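Trainee: Got a structure for you, questions after.
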Amino acid sequence: MPNARIAGIGMYVPEQVVTNFDLEKYMETSDAWIQERTGIKERRYAKRTGETTTTMGVEAAKLAIKNAGITADEIDFIIFATLSPDYYFPGCGVLVQRAMKMKEIGALDVRNQCSGFVYALSVGDQYIRSGMYKNILVIGSDKHSFGLDFSTRGRNVSVIFGDGAGAVVLQPTEKEGQGILSTHLHCDGNSAEILAMYNPGTHANYWVDEKLADFDDAEIGQMFMSHAMVDKAQNFPFMDGPSVFKKAIVKIPEAVMEALDANKLATTDIDMLIPHQANLRISQFVQQQLGLPDSHVYNNIQRYGNTTAASIPIALYEAWAEGKIKENDIVCLASFGSGFTWGSALIRW
Ligand code: UT7
């Protein structure tokens, strides 16, 4: 069984830079608070029209395909991870197939939020190992700026998210011990409502605490989305930030250790850790617990904020483009987010 290797990688971020000072104009927040609590200085926002989760994904994909030395025609499967799809349905994968004029190949959307890219990579890895596909395009892309509450009410969520996309092309490698060595995926659905966007959805208050989603029968009859939901800010993401933080700093190191143990490696073998870019303080906690030097952990949340499914492939691209990842290096990707979901991928580059 061949391992899957990352044959090409690409990223795309929109041109528009939004600083913390820009956000101060819309809500009660400050550059000092955002930097101290999250490390973020600025993020990118996509154009309101003409730039979508899919179009950003397509730009990242073009670069990944070019870097793999192939053409879009040679891609035989698409996996698209996002929490902010262009349409509620169909998914973004089919829109990529159309936009890139690809053959009538299969396309799969993955809905695992901040862990979306690691989950998508794991799915692609299995298809390559089984011999089913030879050139898989894996994309992580999110356009948050379209769905955030920019009033003070939503400040704990809105200041941390940004827009962007990353992509890789997976191909089989016959080189022993090369490529994706293993992936490890987890979830704890008991925490589903701690970081979530409840609507549009079919829950009709069933899962959601009444304090969070208090709709009467008439309103529920208007599913998926109603004026009442908008009035109650139910069209925006909800997050209990401190609970997410506490769990993330435990589960990310666990996922890294699980990957290392499965491959009989130690933390000292890690050449580059790419943690999901949720909060610089989370990355620093993780680094400290694993005892890794600064040069072995890549962070770029300062410039992009949290781009959810795109954060790991964007950071991976930049680390690679800056020459910080070389052939044979051990690279570990580790994520945590809504669901809760978390996971890791260990790669020999
Ligand atoms: O990507 C997936 C997962 N997401 C995460 O991993 C996020 C994890 N959580 C976090 O990163 C942090 O919890 C946040 C950055 C979201 C919040 O930081 P925190 O240090 O946990 O703050 P907090 O939520 O405990 O709030 C502390 C105070 C509150 O005011 P009071 O009640 O103490 O008066 C908040 O209202 O900070 C206030 N606050 C803000 N103040 C200025 C919350 N957001 C802001 C803001 N600007 N943007």
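The way I read the labels, and the way they are meant: chains A, B, ... in the order of the structure tokens, residue 1 as the first residue of every chain, and ligand 1 as the first ligand shown, with later ones counted on from there.
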If you count only C-alpha atoms, which residues fall within 6 Å of segment 6-19 of chain A, apart from same-chain ones fewer than 4 positions away, as a CSV table (one decimal) with all heavy atoms, in the first residue's frame?
Mentor:
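What follows is the written file selection_1.csv:
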chain,number,residue,atom,x,y,z
A,42,GLU,N,-4.0,41.5,12.7
A,42,GLU,CA,-4.8,41.8,11.5
A,42,GLU,C,-5.3,40.5,10.9
A,42,GLU,O,-4.8,39.4,11.2
A,42,GLU,CB,-4.0,42.6,10.5
A,42,GLU,CG,-2.8,41.9,10.0
A,42,GLU,CD,-1.9,42.8,9.1
A,42,GLU,OE1,-1.7,44.0,9.5
A,42,GLU,OE2,-1.4,42.3,8.1
A,43,ARG,N,-6.3,40.6,10.1
A,43,ARG,CA,-6.9,39.5,9.3
A,43,ARG,C,-7.3,40.0,8.0
A,43,ARG,O,-7.3,41.2,7.7
A,43,ARG,CB,-8.0,38.8,10.1
A,43,ARG,CG,-9.3,39.5,10.1
A,43,ARG,CD,-9.4,40.7,11.0
A,43,ARG,NE,-9.3,40.4,12.5
A,43,ARG,CZ,-8.7,41.2,13.4
A,43,ARG,NH1,-8.0,42.3,13.0
A,43,ARG,NH2,-8.7,40.9,14.6
A,44,ARG,N,-7.6,39.1,7.1
A,44,ARG,CA,-8.1,39.5,5.7
A,44,ARG,C,-9.6,39.2,5.6
A,44,ARG,O,-10.1,38.2,6.1
A,44,ARG,CB,-7.3,38.6,4.7
A,44,ARG,CG,-5.8,38.7,4.7
A,44,ARG,CD,-5.3,40.0,4.3
A,44,ARG,NE,-3.9,40.1,4.4
A,44,ARG,CZ,-3.1,40.0,3.3
A,44,ARG,NH1,-3.6,39.8,2.1
A,44,ARG,NH2,-1.8,40.0,3.5
A,45,TYR,N,-10.2,40.1,4.9
A,45,TYR,CA,-11.6,39.9,4.6
A,45,TYR,C,-11.8,39.8,3.1
A,45,TYR,O,-11.3,40.7,2.3
A,45,TYR,CB,-12.5,41.0,5.1
A,45,TYR,CG,-12.8,41.0,6.6
A,45,TYR,CD1,-13.5,42.0,7.2
A,45,TYR,CD2,-12.3,39.9,7.4
A,45,TYR,CE1,-13.7,42.0,8.6
A,45,TYR,CE2,-12.6,39.9,8.8
A,45,TYR,CZ,-13.3,40.9,9.4
A,45,TYR,OH,-13.5,40.9,10.7
A,46,ALA,N,-12.6,38.9,2.6
A,46,ALA,CA,-12.9,38.7,1.2
A,46,ALA,C,-13.8,39.9,0.7
A,46,ALA,O,-14.5,40.5,1.6
A,46,ALA,CB,-13.6,37.4,1.0
A,59,GLU,N,-8.4,29.5,-6.0
A,59,GLU,CA,-7.1,30.2,-6.2
A,59,GLU,C,-6.0,29.3,-5.5
A,59,GLU,O,-5.0,29.2,-6.0
A,59,GLU,CB,-7.2,31.6,-5.6
A,59,GLU,CG,-8.1,32.5,-6.4
A,59,GLU,CD,-7.7,32.6,-7.9
A,59,GLU,OE1,-6.5,32.6,-8.2
A,59,GLU,OE2,-8.6,32.5,-8.7
A,60,ALA,N,-6.3,28.9,-4.3
A,60,ALA,CA,-5.4,28.1,-3.5
A,60,ALA,C,-5.1,26.8,-4.3
A,60,ALA,O,-3.9,26.3,-4.4
A,60,ALA,CB,-5.9,27.7,-2.1
A,63,LEU,N,-2.7,27.0,-7.3
A,63,LEU,CA,-1.3,27.1,-6.9
A,63,LEU,C,-0.8,25.7,-6.5
A,63,LEU,O,0.3,25.3,-6.9
A,63,LEU,CB,-1.1,28.1,-5.8
A,63,LEU,CG,0.3,28.4,-5.3
A,63,LEU,CD1,1.2,28.9,-6.5
A,63,LEU,CD2,0.3,29.5,-4.2
A,64,ALA,N,-1.6,25.0,-5.8
A,64,ALA,CA,-1.2,23.6,-5.3
A,64,ALA,C,-1.0,22.7,-6.5
A,64,ALA,O,-0.1,21.9,-6.6
A,64,ALA,CB,-2.3,23.0,-4.4
A,67,ASN,N,2.1,23.7,-8.3
A,67,ASN,CA,3.3,23.2,-7.5
A,67,ASN,C,3.5,21.7,-7.6
A,67,ASN,O,4.6,21.2,-7.4
A,67,ASN,CB,3.2,23.7,-6.1
A,67,ASN,CG,3.6,25.2,-6.0
A,67,ASN,OD1,4.3,25.7,-6.8
A,67,ASN,ND2,3.0,25.8,-5.0
A,68,ALA,N,2.4,21.0,-7.9
A,68,ALA,CA,2.5,19.5,-8.0
A,68,ALA,C,3.0,19.2,-9.4
A,68,ALA,O,3.2,18.0,-9.7
A,68,ALA,CB,1.1,18.9,-7.7
A,164,GLY,N,-9.7,33.0,4.2
A,164,GLY,CA,-8.6,32.5,3.4
A,164,GLY,C,-8.8,31.1,3.0
A,164,GLY,O,-9.8,30.5,3.4
A,165,ALA,N,-7.8,30.6,2.3
A,165,ALA,CA,-7.9,29.2,1.8
A,165,ALA,C,-6.5,28.6,1.6
A,165,ALA,O,-5.6,29.3,1.4
A,165,ALA,CB,-8.6,29.2,0.4
A,166,GLY,N,-6.5,27.3,1.8
A,166,GLY,CA,-5.3,26.6,1.5
A,166,GLY,C,-5.6,25.3,0.8
A,166,GLY,O,-6.8,24.8,0.9
A,167,ALA,N,-4.7,24.7,0.1
A,167,ALA,CA,-5.0,23.5,-0.7
A,167,ALA,C,-3.7,22.6,-0.8
A,167,ALA,O,-2.6,23.2,-0.8
A,167,ALA,CB,-5.5,23.8,-2.0
A,168,VAL,N,-3.9,21.3,-0.9
A,168,VAL,CA,-2.8,20.4,-1.3
A,168,VAL,C,-3.3,19.4,-2.3
A,168,VAL,O,-4.5,19.2,-2.4
A,168,VAL,CB,-2.3,19.6,0.0
A,168,VAL,CG1,-1.7,20.6,1.0
A,168,VAL,CG2,-3.3,18.7,0.6
A,169,VAL,N,-2.3,18.9,-3.1
A,169,VAL,CA,-2.5,17.8,-4.0
A,169,VAL,C,-1.9,16.6,-3.3
A,169,VAL,O,-0.7,16.6,-3.0
A,169,VAL,CB,-1.9,18.0,-5.4
A,169,VAL,CG1,-2.0,16.8,-6.2
A,169,VAL,CG2,-2.7,19.2,-6.0
A,170,LEU,N,-2.6,15.5,-3.1
A,170,LEU,CA,-2.1,14.2,-2.6
A,170,LEU,C,-1.8,13.3,-3.8
A,170,LEU,O,-2.7,13.1,-4.6
A,170,LEU,CB,-3.1,13.6,-1.6
A,170,LEU,CG,-3.4,14.3,-0.3
A,170,LEU,CD1,-4.4,13.5,0.5
A,170,LEU,CD2,-2.1,14.6,0.5
A,314,ILE,N,-2.7,27.0,5.2
A,314,ILE,CA,-2.1,28.3,4.9
A,314,ILE,C,-0.7,28.3,5.7
A,314,ILE,O,0.3,28.7,5.1
A,314,ILE,CB,-3.0,29.5,5.4
A,314,ILE,CG1,-4.2,29.6,4.4
A,314,ILE,CG2,-2.2,30.8,5.4
A,314,ILE,CD1,-5.2,30.7,4.8
Trainee: Listing only residues of chain A within 9 Å of ligand 1, what is the closest atom pair and its distance in Å (to one decimal) for each, using only C-alpha atoms and all ligand atoms, sorted by chain and residue number ascending, as CSV?
Mentor:
residue,atom,partner,partner_atom_place_in_ligand_line,distance
A:Leu23,CA,ligand 1,48 (N),8.9
A:Glu24,CA,ligand 1,47 (N),8.7
A:Met27,CA,ligand 1,47 (N),8.0
A:Glu28,CA,ligand 1,47 (N),6.2
A:Thr29,CA,ligand 1,47 (N),3.7
A:Ser30,CA,ligand 1,47 (N),5.9
A:Asp31,CA,ligand 1,47 (N),8.3
A:Ala32,CA,ligand 1,47 (N),8.8
A:Trp33,CA,ligand 1,42 (C),5.6
A:Ile34,CA,ligand 1,48 (N),6.0
A:Glu36,CA,ligand 1,20 (O),8.6
A:Arg37,CA,ligand 1,20 (O),5.3
A:Thr38,CA,ligand 1,15 (C),5.3
A:Gln113,CA,ligand 1,2 (C),7.7
A:Cys114,CA,ligand 1,1 (O),5.3
A:Ser115,CA,ligand 1,2 (C),8.4
A:Thr152,CA,ligand 1,48 (N),7.8
A:Arg153,CA,ligand 1,36 (O),8.6
A:Gly154,CA,ligand 1,44 (N),7.8
A:Arg155,CA,ligand 1,48 (N),4.3
A:Asn156,CA,ligand 1,44 (N),3.5
A:Val157,CA,ligand 1,16 (C),6.0
A:Ser158,CA,ligand 1,48 (N),7.3
A:Val159,CA,ligand 1,48 (N),5.5
A:Ile160,CA,ligand 1,15 (C),6.8
A:Phe161,CA,ligand 1,1 (O),8.2
A:Leu195,CA,ligand 1,3 (C),7.3
A:Met239,CA,ligand 1,16 (C),7.5
A:Asp240,CA,ligand 1,24 (O),7.0
A:Gly241,CA,ligand 1,13 (O),3.3
A:Pro242,CA,ligand 1,13 (O),4.0
A:Ser243,CA,ligand 1,9 (N),7.2
A:Val244,CA,ligand 1,8 (C),4.8
A:Phe245,CA,ligand 1,8 (C),4.0
A:Lys246,CA,ligand 1,8 (C),7.8
A:Lys247,CA,ligand 1,6 (O),8.6
A:Ala248,CA,ligand 1,6 (O),6.4
A:Ile249,CA,ligand 1,6 (O),8.9
A:His276,CA,ligand 1,1 (O),7.3
A:Gln277,CA,ligand 1,1 (O),7.0
A:Ala278,CA,ligand 1,1 (O),4.3
A:Asn279,CA,ligand 1,11 (O),5.0
A:Leu280,CA,ligand 1,11 (O),8.3
A:Arg281,CA,ligand 1,11 (O),7.7
A:Ile282,CA,ligand 1,6 (O),7.3
A:Asn306,CA,ligand 1,1 (O),6.2
A:Thr307,CA,ligand 1,1 (O),7.9
A:Thr308,CA,ligand 1,1 (O),5.8
A:Ala309,CA,ligand 1,1 (O),9.0
A:Ser335,CA,ligand 1,1 (O),8.5
A:Phe336,CA,ligand 1,2 (C),6.2
A:Gly337,CA,ligand 1,2 (C),4.0
A:Ser338,CA,ligand 1,2 (C),6.0
A:Phe340,CA,ligand 1,3 (C),8.9
Trainee: Can you work out which one of A:Ser226, A:Ser84, A:Asn3, A:Thr52 has the shortest atom-to-atom distance to Gly116 of chain A, counting only C-alpha atoms?
Mentor: A:Ser84
Trainee: Applying 9 Å and only C-alpha atoms, which residues near Gln178 of chain A remain after dropping the ones on its own chain fewer than 3 positions away? List them as an mmCIF file with N, CA, C and O atoms, in the first residue's frame.
Mentor:
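Saved file result_20.cif follows:
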data_model
loop_
_atom_site.group_PDB
_atom_site.id
_atom_site.type_symbol
_atom_site.label_atom_id
_atom_site.label_comp_id
_atom_site.auth_asym_id
_atom_site.auth_seq_id
_atom_site.Cartn_x
_atom_site.Cartn_y
_atom_site.Cartn_z
ATOM 1 N N ASN A 3 1.992 5.103 0.593
ATOM 2 C CA ASN A 3 1.583 6.245 1.415
ATOM 3 C C ASN A 3 1.153 7.380 0.495
ATOM 4 O O ASN A 3 1.554 7.418 -0.664
ATOM 5 N N ALA A 4 0.388 8.322 1.053
ATOM 6 C CA ALA A 4 0.066 9.547 0.301
ATOM 7 C C ALA A 4 1.104 10.596 0.669
ATOM 8 O O ALA A 4 1.476 10.732 1.832
ATOM 9 N N ARG A 5 1.571 11.339 -0.324
ATOM 10 C CA ARG A 5 2.471 12.451 -0.026
ATOM 11 C C ARG A 5 1.841 13.751 -0.525
ATOM 12 O O ARG A 5 1.008 13.728 -1.445
ATOM 13 N N THR A 173 3.157 7.727 -2.965
ATOM 14 C CA THR A 173 4.622 7.635 -3.028
ATOM 15 C C THR A 173 5.027 6.210 -2.692
ATOM 16 O O THR A 173 4.461 5.597 -1.781
ATOM 17 N N GLU A 174 5.979 5.695 -3.426
ATOM 18 C CA GLU A 174 6.442 4.329 -3.169
ATOM 19 C C GLU A 174 7.606 4.333 -2.186
ATOM 20 O O GLU A 174 8.062 3.284 -1.746
ATOM 21 N N LYS A 175 8.095 5.559 -1.831
ATOM 22 C CA LYS A 175 9.248 5.633 -0.922
ATOM 23 C C LYS A 175 8.834 5.179 0.473
ATOM 24 O O LYS A 175 7.915 5.751 1.074
ATOM 25 N N LEU A 181 2.309 9.620 7.426
ATOM 26 C CA LEU A 181 2.605 8.383 8.169
ATOM 27 C C LEU A 181 1.355 7.878 8.881
ATOM 28 O O LEU A 181 1.112 6.678 8.940
ATOM 29 N N ASN A 328 12.371 15.087 4.033
ATOM 30 C CA ASN A 328 12.599 14.151 5.151
ATOM 31 C C ASN A 328 12.243 14.707 6.528
ATOM 32 O O ASN A 328 12.330 13.987 7.515
ATOM 33 N N ILE A 347 3.594 13.624 9.140
ATOM 34 C CA ILE A 347 4.077 13.544 7.744
ATOM 35 C C ILE A 347 5.599 13.504 7.743
ATOM 36 O O ILE A 347 6.238 14.290 8.457
ATOM 37 N N ARG A 348 6.175 12.591 6.950
ATOM 38 C CA ARG A 348 7.611 12.744 6.635
ATOM 39 C C ARG A 348 7.653 13.390 5.259
ATOM 40 O O ARG A 348 7.192 12.833 4.292
ATOM 41 N N TRP A 349 8.170 14.629 5.216
ATOM 42 C CA TRP A 349 8.072 15.457 4.003
ATOM 43 C C TRP A 349 8.926 14.898 2.873
ATOM 44 O O TRP A 349 9.999 14.406 3.098
#
Trainee: From the options A:Glu104, A:Val58, A:Phe236, A:Val96, which residue's atoms come nearest to Leu148 of chain A, counting only C-alpha atoms?
Mentor: A:Phe236
Trainee: Among segment 169-307 of chain A, which residues does DSSP mark as helix (DSSP H, G or I) when it is run on the backbone? Keep the chain and numbering as in the structure and answer as number ranges by chain.
Mentor: A: 189-194, 217-220, 227-231, 241-262, 267-269, 280-290, 294-296, 301-304
Trainee: Apply DSSP to the backbone of this structure and, from segment 27-257 of chain A, keep only the residues in strand (DSSP E or B); write these as JSON, numbers by chain.
Mentor: {"A": [42, 43, 44, 45, 77, 78, 79, 80, 81, 106, 107, 108, 109, 110, 136, 137, 138, 139, 140, 141, 142, 161, 164, 165, 166, 167, 168, 169, 170, 171, 172, 173, 179, 180, 181, 182, 183, 184, 185, 186, 187, 195, 196, 238, 239]}
Trainee: Using only C-alpha atoms, please write the residues we just selected to a file, as a compact mmCIF listing (two decimals), in the first residue's frame.
Mentor:
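New file part-v1.txt:
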# COMPACT_ATOMS: atom_id res chain seq x y z
CA GLU A 42 -4.82 41.81 11.54
CA ARG A 43 -6.85 39.49 9.34
CA ARG A 44 -8.05 39.45 5.72
CA TYR A 45 -11.64 39.90 4.58
CA PHE A 77 -11.15 13.52 -6.60
CA ILE A 78 -11.92 16.70 -4.64
CA ILE A 79 -12.29 17.01 -0.87
CA PHE A 80 -13.43 20.43 0.36
CA ALA A 81 -13.44 21.34 4.06
CA GLY A 106 -16.19 12.85 -7.39
CA ALA A 107 -16.36 15.71 -4.90
CA LEU A 108 -16.88 15.48 -1.16
CA ASP A 109 -17.46 18.25 1.39
CA VAL A 110 -16.19 17.82 4.94
CA ILE A 136 -6.57 14.14 -4.87
CA LEU A 137 -7.21 17.85 -4.35
CA VAL A 138 -7.80 18.69 -0.68
CA ILE A 139 -9.00 22.24 0.06
CA GLY A 140 -9.69 24.08 3.30
CA SER A 141 -11.41 27.44 2.83
CA ASP A 142 -13.55 29.77 4.92
CA PHE A 161 -11.85 35.06 12.61
CA GLY A 164 -8.59 32.55 3.44
CA ALA A 165 -7.93 29.22 1.77
CA GLY A 166 -5.25 26.56 1.54
CA ALA A 167 -4.97 23.47 -0.66
CA VAL A 168 -2.80 20.43 -1.26
CA VAL A 169 -2.53 17.77 -3.95
CA LEU A 170 -2.08 14.25 -2.60
CA GLN A 171 -0.31 11.59 -4.67
CA PRO A 172 0.95 8.10 -3.88
CA THR A 173 4.62 7.64 -3.03
CA GLY A 179 4.49 11.02 3.10
CA ILE A 180 1.54 10.90 5.52
CA LEU A 181 2.61 8.38 8.17
CA SER A 182 -0.67 8.40 10.10
CA THR A 183 -3.74 10.46 10.94
CA HIS A 184 -5.71 10.39 14.19
CA LEU A 185 -9.23 11.79 14.47
CA HIS A 186 -11.46 12.39 17.50
CA CYS A 187 -14.65 14.08 18.61
CA LEU A 195 -18.96 26.43 19.66
CA ALA A 196 -21.70 26.35 17.06
CA PHE A 238 -21.91 31.17 19.37
CA MET A 239 -18.77 30.38 21.36
Trainee: Show which residues sit within 7 Å of Asp271 of chain A, as an NGL selection string. Count only C-alpha atoms, and ignore same-chain residues fewer than 4 positions away.
Mentor: :A and (296 or 329-331)
Trainee: Atom CA of Trp342 of chain A and atom CA of Glu51 of chain A, how far apart in Å?
Mentor: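 Atom-to-atom, atom CA of Glu51 of chain A to atom CA of Trp342 of chain A, that is 28.7 Å.
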Trainee: Compile the contact shell of Pro253 of chain A as a PyMOL selection string: residues with an atom at most 12 Å away, counting only C-alpha atoms, same-chain residues fewer than 3 positions apart removed.
Mentor: chain A and resi 247-250+256-260+267+273-276+282-292+332-336+342-344
Trainee: Restricting the output to N, CA, C and O atoms, write the selected residues as a CSV table (one decimal), in the first residue's frame.
Mentor:
chain,number,residue,atom,x,y,z
A,247,LYS,N,-10.1,23.1,26.8
A,247,LYS,CA,-10.1,21.8,26.2
A,247,LYS,C,-9.0,21.7,25.1
A,247,LYS,O,-8.3,20.7,25.0
A,248,ALA,N,-8.8,22.8,24.3
A,248,ALA,CA,-7.9,22.8,23.2
A,248,ALA,C,-6.4,22.5,23.7
A,248,ALA,O,-5.7,21.8,23.1
A,249,ILE,N,-6.1,23.2,24.8
A,249,ILE,CA,-4.7,23.0,25.3
A,249,ILE,C,-4.4,21.6,25.9
A,249,ILE,O,-3.3,21.3,26.1
A,250,VAL,N,-5.5,20.8,26.1
A,250,VAL,CA,-5.3,19.4,26.5
A,250,VAL,C,-5.3,18.5,25.3
A,250,VAL,O,-4.4,17.6,25.1
A,256,VAL,N,-1.0,15.2,19.3
A,256,VAL,CA,0.4,15.1,18.8
A,256,VAL,C,1.1,13.9,19.4
A,256,VAL,O,1.8,13.1,18.6
A,257,MET,N,0.9,13.6,20.6
A,257,MET,CA,1.6,12.5,21.3
A,257,MET,C,1.1,11.2,20.7
A,257,MET,O,1.8,10.2,20.5
A,258,GLU,N,-0.2,11.1,20.4
A,258,GLU,CA,-0.8,9.9,19.8
A,258,GLU,C,-0.2,9.6,18.5
A,258,GLU,O,0.2,8.5,18.2
A,259,ALA,N,0.1,10.7,17.7
A,259,ALA,CA,0.7,10.5,16.4
A,259,ALA,C,2.2,10.0,16.5
A,259,ALA,O,2.6,9.1,15.8
A,260,LEU,N,2.9,10.7,17.5
A,260,LEU,CA,4.3,10.3,17.7
A,260,LEU,C,4.3,8.8,18.2
A,260,LEU,O,5.1,8.0,17.7
A,267,THR,N,8.9,13.7,20.8
A,267,THR,CA,8.7,15.2,20.5
A,267,THR,C,10.0,15.8,19.9
A,267,THR,O,9.9,16.7,19.0
A,273,LEU,N,6.0,21.7,13.9
A,273,LEU,CA,4.6,21.5,14.3
A,273,LEU,C,3.7,22.7,13.7
A,273,LEU,O,4.1,23.9,13.9
A,274,ILE,N,2.7,22.3,13.1
A,274,ILE,CA,1.7,23.3,12.5
A,274,ILE,C,0.4,23.2,13.3
A,274,ILE,O,-0.4,22.3,13.0
A,275,PRO,N,0.3,23.9,14.4
A,275,PRO,CA,-1.0,23.8,15.1
A,275,PRO,C,-2.1,24.7,14.4
A,275,PRO,O,-1.8,25.7,13.8
A,276,HIS,N,-3.3,24.3,14.5
A,276,HIS,CA,-4.4,25.1,14.1
A,276,HIS,C,-4.3,26.5,14.7
A,276,HIS,O,-4.0,26.6,15.9
A,282,ILE,N,-3.0,29.6,22.7
A,282,ILE,CA,-3.2,28.1,22.7
A,282,ILE,C,-1.9,27.5,22.1
A,282,ILE,O,-1.4,26.5,22.6
A,283,SER,N,-1.4,28.0,21.0
A,283,SER,CA,-0.2,27.5,20.4
A,283,SER,C,1.0,27.5,21.3
A,283,SER,O,1.8,26.6,21.4
A,284,GLN,N,1.1,28.6,22.1
A,284,GLN,CA,2.2,28.7,23.0
A,284,GLN,C,2.1,27.7,24.2
A,284,GLN,O,3.1,27.1,24.6
A,285,PHE,N,0.9,27.5,24.7
A,285,PHE,CA,0.7,26.5,25.7
A,285,PHE,C,1.1,25.1,25.2
A,285,PHE,O,1.8,24.3,25.8
A,286,VAL,N,0.6,24.8,23.9
A,286,VAL,CA,0.9,23.5,23.3
A,286,VAL,C,2.4,23.3,23.2
A,286,VAL,O,3.0,22.3,23.5
A,287,GLN,N,3.1,24.4,22.7
A,287,GLN,CA,4.5,24.3,22.5
A,287,GLN,C,5.3,24.0,23.8
A,287,GLN,O,6.2,23.2,23.8
A,288,GLN,N,4.8,24.7,24.8
A,288,GLN,CA,5.4,24.6,26.1
A,288,GLN,C,5.2,23.1,26.6
A,288,GLN,O,6.2,22.5,27.1
A,289,GLN,N,4.0,22.6,26.5
A,289,GLN,CA,3.8,21.3,27.0
A,289,GLN,C,4.6,20.2,26.3
A,289,GLN,O,5.0,19.2,26.8
A,290,LEU,N,4.8,20.5,25.0
A,290,LEU,CA,5.6,19.5,24.2
A,290,LEU,C,7.1,19.8,24.3
A,290,LEU,O,7.9,19.0,23.7
A,291,GLY,N,7.5,20.9,24.9
A,291,GLY,CA,8.9,21.3,25.0
A,291,GLY,C,9.6,21.5,23.7
A,291,GLY,O,10.8,21.2,23.5
A,292,LEU,N,8.9,22.2,22.8
A,292,LEU,CA,9.4,22.4,21.4
A,292,LEU,C,10.1,23.8,21.4
A,292,LEU,O,9.5,24.8,21.9
A,332,CYS,N,4.2,17.8,11.9
A,332,CYS,CA,3.0,17.4,12.6
A,332,CYS,C,1.9,18.5,12.4
A,332,CYS,O,2.2,19.6,12.8
A,333,LEU,N,0.7,18.1,11.9
A,333,LEU,CA,-0.4,19.0,11.9
A,333,LEU,C,-1.3,18.6,13.0
A,333,LEU,O,-1.6,17.4,13.3
A,334,ALA,N,-1.8,19.6,13.8
A,334,ALA,CA,-2.7,19.3,14.9
A,334,ALA,C,-3.8,20.3,15.0
A,334,ALA,O,-3.6,21.5,14.9
A,335,SER,N,-5.1,19.8,15.2
A,335,SER,CA,-6.2,20.8,15.2
A,335,SER,C,-7.1,20.5,16.4
A,335,SER,O,-7.1,19.4,17.0
A,336,PHE,N,-7.9,21.5,16.6
A,336,PHE,CA,-9.0,21.4,17.6
A,336,PHE,C,-10.1,22.4,17.3
A,336,PHE,O,-9.8,23.6,17.0
A,342,TRP,N,-11.1,17.1,17.1
A,342,TRP,CA,-9.6,17.3,17.1
A,342,TRP,C,-8.9,16.2,16.4
A,342,TRP,O,-9.5,15.1,16.1
A,343,GLY,N,-7.6,16.4,16.1
A,343,GLY,CA,-6.9,15.4,15.4
A,343,GLY,C,-5.5,15.8,15.0
A,343,GLY,O,-5.1,16.9,15.2
A,344,SER,N,-4.8,14.8,14.4
A,344,SER,CA,-3.4,15.1,14.0
A,344,SER,C,-3.1,14.3,12.8
A,344,SER,O,-3.7,13.3,12.5
Trainee: Quick one, how far is atom CA of Ala321 of chain A from atom CA of Lys66 of chain A?
Mentor: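 One can read the atom CA of Ala321 of chain A to atom CA of Lys66 of chain A distance as 14.0 Å.
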Trainee: Rounded to one decimal, what separation in Å do you get between atom CA of Gly339 of chain A and atom CA of Ala192 of chain A?
Mentor: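 Result for atom CA of Gly339 of chain A versus atom CA of Ala192 of chain A: 4.6 Å, one decimal.
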Trainee: Just checking: using only C-alpha atoms, which residue out of A:Asn300, A:Ser151, A:Thr82, A:Gln97 ends up closest to Asn112 of chain A?
Mentor: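 Smallest separation from Asn112 of chain A among the options: A:Thr82.
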Trainee: Using only C-alpha atoms, which residue out of A:Val94, A:Asp269, A:Thr53, A:Asn20 lies closest to Lys41 of chain A?
Mentor: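 Closest candidate: A:Asn20.
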Trainee: Give me, as a VMD selection string, all polymer residues having an atom no more than 7 Å from Thr54 of chain A, counting only C-alpha atoms and skipping those fewer than 5 positions away in the same chain.
Mentor: chain A and resid 86 92 95 to 96
Trainee: For Tyr127 of chain A, which residue among A:Lys143, A:Ala319, A:Gly39, A:Pro2 is the nearest when counting only C-alpha atoms?
Mentor: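 Among the listed residues, the smallest separation from Tyr127 of chain A belongs to A:Pro2.
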Trainee: Tell me which of A:His227, A:Phe117, A:Met102, A:Thr202 sits closest to Asp73 of chain A, counting only C-alpha atoms.
Mentor: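 That would be A:Met102, the residue with the smallest distance to Asp73 of chain A.
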